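Enquirer: To start, I am sharing the structure in question, which I have written as structure tokens.
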Amino acid sequence: MKQYRIDINIADDHVMVCEGLANAINRIGDIHVSRFFHTLEACRQALASSRPDVLLLDISLPDGDGIAFCQEVIASYPKLKIIAATIHDEYSVIRRMLDVGVHGYVLKSSSIEQLIEAIRQVWQGERYLSPEVEAIIEQAQGNVVALTEVERNILRMICDGMTNPQIAKILNLSTETINWYRKRLLSKFGVKNAVSLATLVMKEKII
């Protein structure tokens with residue numbers, strides 16, 4: 001029986017994606033897809049009995065939070081390497097996956113050659129980010145807004161829909177001071193009003 005050097009499992013709820021990736025990867029020779037799962041629970045149960053070298057994980061599966069699942073698996077099986085293979089190109093999602101310890105992040109728009117490179121690098125103990133993901137991170141980090149603790153508190157209250165007098169009362173500051181902070185926050189984030197500010201903050205998960 002042929003022994004493959006790198007054993008791959010895929011967790012993705014789209015059957016065609018799993019079959020397509022398996023067919024492409026299995027042509028490589030020393031890399032083989034041995035199993036794929038369409039739910040997190042099926043993946044969880046399978047990993048409890050045996051584990052591959054690398055798990056390709058779609059973040060959006062129907063029965064749970066893929067980011068929390070990634071954290072759970074890494075904590076339970078520290079030797080298992082995980083590559084996020086997903087459509088999610090939001091910096092906030094990428095950042096959360098990196099924070100929980102994912103070993104690679106590849107967009108589904110990437111080429112099969114990039115995916116194979118990701119598998120090889122991650123299997124060898126390195127981290128792999130596709131060029132598109134690296135560009136997203138660089139752009140987001142270049143636009144990071146530095147906030148003081150007071151600004152962060154006021155921003156949180158603005159996003160909760162509170163008025164200047166309400167914020168001023170809670171922080172024991174004058175309404176004029178809160179108004180100055182509000183204008184400063186609008187300027188820092190490059191938006192014109194509190195609605196746009198709150199929308200941006202929630203979208204990027206800044207607080």
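Residue numbering restarts at 1 for every chain of the structure tokens, chains are lettered A, B, ... in their displayed order, and ligands are numbered from 1 as they appear.
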I'd like to know which residues of segment 11-203 of chain A are strand (DSSP E or B) (by DSSP, run on the backbone); could you write them as a VMD selection string?
Expert: chain A and resid 11 31 to 37 54 to 57 60 to 61 64 to 65 81 to 86 104 to 107 128 to 129
Enquirer: Can you tell me, as JSON, numbers by chain, which residues in segment 18-117 of chain A count as helix (DSSP H, G or I) by DSSP?
Expert: {"A": [18, 19, 20, 21, 22, 23, 24, 25, 40, 41, 42, 43, 44, 45, 46, 47, 48, 49, 66, 67, 68, 69, 70, 71, 72, 73, 74, 75, 76, 91, 92, 93, 94, 95, 96, 97, 98, 99, 100, 112, 113, 114, 115, 116, 117]}
Enquirer: Can you write out as a tab-separated table which residues of segment 117-183 of chain A fall within 9 Å of segment 6-30 of chain A, alongside each residue's closest atom pair and its distance in Å to one decimal, counting only C-alpha atoms and ordering rows by chain and ascending residue number?
Expert:
```
residue	atom	partner	partner_atom	distance
A:Ile119	CA	A:Ile6	CA	8.5
A:Arg120	CA	A:Ile6	CA	8.3
A:Trp123	CA	A:Ile6	CA	7.6
```
Enquirer: Got time to write the residues from that selection, C-alpha atoms, as a compact mmCIF listing (two decimals), in the first residue's frame?
Expert:
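Saved result, result_20.txt, follows:
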```txt
# COMPACT_ATOMS: atom_id res chain seq x y z
CA ILE A 119 0.45 22.76 2.59
CA ARG A 120 4.17 22.14 2.18
CA TRP A 123 3.70 20.86 7.18
```
Enquirer: Using only C-alpha atoms, which residues sit within 7 Å of segment 168-183 of chain A once same-chain residues fewer than 4 positions away are excluded, as number ranges by chain?
Expert: A: 151, 164, 187
Enquirer: List as a list of chain:residue names the protein and nucleic acid residues near Val100 of chain A, meaning an atom at most 8 Å away when only C-alpha atoms are counted, but skip any in the same chain fewer than 2 places from it.
Expert: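 What passes the distance filter is A:Ile67, A:Cys70, A:Gln71, A:Arg96, A:Met97, A:Leu98, A:Val102.
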Enquirer: Please write the residues from the selection above to a file, keeping C-alpha atoms, as a PDB file, in the first residue's frame.
Expert:
```pdb
ATOM      1  CA  ILE A  67     -12.835  30.312  14.371  1.00  0.00           C
ATOM      2  CA  CYS A  70      -9.973  26.181  15.037  1.00  0.00           C
ATOM      3  CA  GLN A  71      -8.982  27.327  18.523  1.00  0.00           C
ATOM      4  CA  ARG A  96      -8.966  36.502  14.657  1.00  0.00           C
ATOM      5  CA  MET A  97      -7.813  33.322  12.935  1.00  0.00           C
ATOM      6  CA  LEU A  98      -4.184  34.307  13.324  1.00  0.00           C
ATOM      7  CA  VAL A 102      -4.062  29.042  12.552  1.00  0.00           C
TER       8      VAL A 102
END
```
Enquirer: I'd like the contact shell of Ser92 of chain A - 10 Å cut-off, only C-alpha atoms, skipping same-chain residues fewer than 6 positions apart - returned as a list of chain:residue names.
Expert: A:Leu98, A:Ile137, A:Ala140, A:Lys203, A:Glu204, A:Lys205, A:Ile206
Enquirer: Please, could you write that set of residues out with N, CA, C and O atoms as a PDB file, in the first residue's frame?
Expert:
```
ATOM      1  N   LEU A  98      -5.603  34.279  12.965  1.00  0.00           N
ATOM      2  CA  LEU A  98      -4.184  34.307  13.324  1.00  0.00           C
ATOM      3  C   LEU A  98      -4.014  34.344  14.836  1.00  0.00           C
ATOM      4  O   LEU A  98      -3.103  33.718  15.387  1.00  0.00           O
ATOM      5  N   ILE A 137      -3.594  42.362   5.100  1.00  0.00           N
ATOM      6  CA  ILE A 137      -3.024  42.658   6.418  1.00  0.00           C
ATOM      7  C   ILE A 137      -2.192  43.930   6.371  1.00  0.00           C
ATOM      8  O   ILE A 137      -2.300  44.794   7.249  1.00  0.00           O
ATOM      9  N   ALA A 140      -4.486  46.960   6.126  1.00  0.00           N
ATOM     10  CA  ALA A 140      -5.214  47.219   7.369  1.00  0.00           C
ATOM     11  C   ALA A 140      -4.287  47.760   8.447  1.00  0.00           C
ATOM     12  O   ALA A 140      -4.631  48.702   9.161  1.00  0.00           O
ATOM     13  N   LYS A 203     -18.085  47.063  11.642  1.00  0.00           N
ATOM     14  CA  LYS A 203     -17.639  46.264  10.500  1.00  0.00           C
ATOM     15  C   LYS A 203     -16.234  45.754  10.702  1.00  0.00           C
ATOM     16  O   LYS A 203     -15.924  44.585  10.428  1.00  0.00           O
ATOM     17  N   GLU A 204     -15.337  46.607  11.195  1.00  0.00           N
ATOM     18  CA  GLU A 204     -13.934  46.236  11.366  1.00  0.00           C
ATOM     19  C   GLU A 204     -13.645  45.647  12.743  1.00  0.00           C
ATOM     20  O   GLU A 204     -12.504  45.310  13.039  1.00  0.00           O
ATOM     21  N   LYS A 205     -14.707  45.566  13.597  1.00  0.00           N
ATOM     22  CA  LYS A 205     -14.545  45.027  14.946  1.00  0.00           C
ATOM     23  C   LYS A 205     -13.397  45.711  15.686  1.00  0.00           C
ATOM     24  O   LYS A 205     -12.517  45.079  16.270  1.00  0.00           O
ATOM     25  N   ILE A 206     -13.402  47.038  15.664  1.00  0.00           N
ATOM     26  CA  ILE A 206     -12.331  47.828  16.263  1.00  0.00           C
ATOM     27  C   ILE A 206     -12.430  47.798  17.787  1.00  0.00           C
ATOM     28  O   ILE A 206     -11.426  47.836  18.487  1.00  0.00           O
TER      29      ILE A 206
END
```
